[in-house]
Protein chains: 2
Amino acid sequence: MEKKLTVDVCLSPYMYPVHHKDDAIVVVIDILRATTAMCTAFHHGVEKMIPVATVEEATQYKQQGFMVGAERNGIALEGFDFGNSPFSYMTDKIKGKTIVISTTNGTQAIEAAKNAHQVVIGAFTNISALCDYLVSENRSILLLCSGWKNRFNWEDSVFAGAVTQRLLAEGLFKTSDAATAMLFLYEQSQKNQIKFIRNSSHAERLAAMGLKKDIKYCFQLDKTTVIPVLEGKYLVKLSSYF
Amino acid sequence: MEKKLTVDVCLSPYMYPVHHKDDAIVVVIDILRATTAMCTAFHHGVEKMIPVATVEEATQYKQQGFMVGAERNGIALEGFDFGNSPFSYMTDKIKGKTIVISTTNGTQAIEAAKNAHQVVIGAFTNISALCDYLVSENRSILLLCSGWKNRFNWEDSVFAGAVTQRLLAEGLFKTSDAATAMLFLYEQSQKNQIKFIRNSSHAERLAAMGLKKDIKYCFQLDKTTVIPVLEGKYLVKLSSYF
């Protein structure tokens, strides 16, 4: 069988217009820490999340009485309920609630991709469920790295390589040069996990803030089987599959 | 000594506005084949080259009597004097002349970076001279990959990794995540050159056009010590250093 489906990697939200593909599923990736935090929140029972790109929007929702997570440059903003740490979403108070989230990079990536065929949220913490879903859909896949302020970042790109590896194992997909390269990067990083984390400037940044516990959590596999999916302005738990 | 100079990699001309750094030297990279062809042309005595982004500009210059190279999608355009093959520039007829060149990706990258502190042309064929020059200048370096139609491509990115490796050996530079990642990619590719070329979709494209000889040439090291540099609208041979 000819491999007709593609797996492509967009290394920055800034590049999204170049990579956009009408019929592809877009996986938004912000390992440290937005998309990991989102998976955690849904695992802990949040009903809906509203990702917003700007602090202004986050503030408006806060004034309307929503619980809001707001983070910039690794720091939880004052006056909001959560930052970007997955641990802050491990609480019963979010159960059944709609909460709002705005982060440095991840929510911008969601905004960039919002008109795609489908937008789902990926992290190491939901990687197996995510890849099973992607394989089941029989569509081309665009892995969208949130990066750092529109630049390439290490951990999102390597995660894209990890997903590429799992998709290729199914034999359905052909890869773009970017997907092939990120696969190589992932394979290389597998050989030396410590050096791998040291190569992430954002992991270094978070470690300097005393957030090593967060970093460790964000690189753990399969803490959950939830896949957040964008429906209109809301992220909800993908229910068609699980 | 604190490493203050940075080596960064911009993986697509589309990303240039994100990576632009006022005081950096920009190295434009289009291994297959524009920047390799430019190095070849200067090695064979061309006096000046005028890189132009569009076929329309190339046509205007042709009408004014210039010799013009014009290529799109790997194919030399009809009615012009050269395509994008380095071999087409190995001729005495360019000696001392000003010629015009327009290609699918490389001349667009030059256009994107034209207002940088300095723009130089890099290829495997001038890598040692290039890196010696970059180290001598004591400035931050931005390696600008021409890519393929604004997407990441394999061979330009790996070349950026090769340059990064040589610059790091001097101990003067710190790397961005993108530079670190491309260094890893280069190290990985070194282990298996054949697989490396197979991973380049553009090398595959050119091979399918019967251009394996071009591919082989474009991956050879140090065929020349010339470094083309942008001065106004012209590429000229960098003379301050050699």
# chains A, B, ... in the order shown; residues from 1 in each chain; ligands from 1
>>> interface_residues(of="chain B", to="chain A", cutoff="6 Å", atoms="only C-alpha atoms", output="tab-separated table (two decimals) with C-alpha atoms, in the first residue's frame")
chain	number	residue	atom	x	y	z
B	152	PHE	CA	12.60	23.04	7.31
B	153	ASN	CA	14.92	21.02	5.14
B	154	TRP	CA	17.39	18.37	6.07
B	177	ASP	CA	18.11	25.21	21.46
B	178	ALA	CA	17.94	25.20	17.65
>>> residues_around(residues="range 52-57 of chain A", least_positions_apart="2", cutoff="9 Å", atoms="only C-alpha atoms", output="PyMOL selection string")
chain A and resi 50+59-62+70-72+100-111+233
>>> closest_residue(among="B:Leu144, B:Val119, B:Ala207, B:Val7", to="Asp156 in chain B", atoms="only C-alpha atoms")
B:Leu144
>>> atom_distance(atom1="CA of Thr35 in chain A", atom2="CA of Lys174 in chain A")
25.7 Å
>>> select_by_dssp(residues="range 6-186 of chain B", states="strand (DSSP E or B)", output="JSON, numbers by chain")
{"B": [6, 7, 8, 9, 10, 25, 26, 27, 28, 29, 48, 49, 50, 51, 67, 68, 69, 70, 71, 72, 75, 76, 82, 98, 99, 100, 101, 102, 118, 119, 120, 121, 122, 141, 142, 143, 144, 145, 148, 151, 173, 174, 175]}
>>> closest_residue(among="A:Glu204, A:Asp30, A:Thr91, A:Gln165", to="Thr125 in chain A", atoms="only C-alpha atoms")
A:Asp30
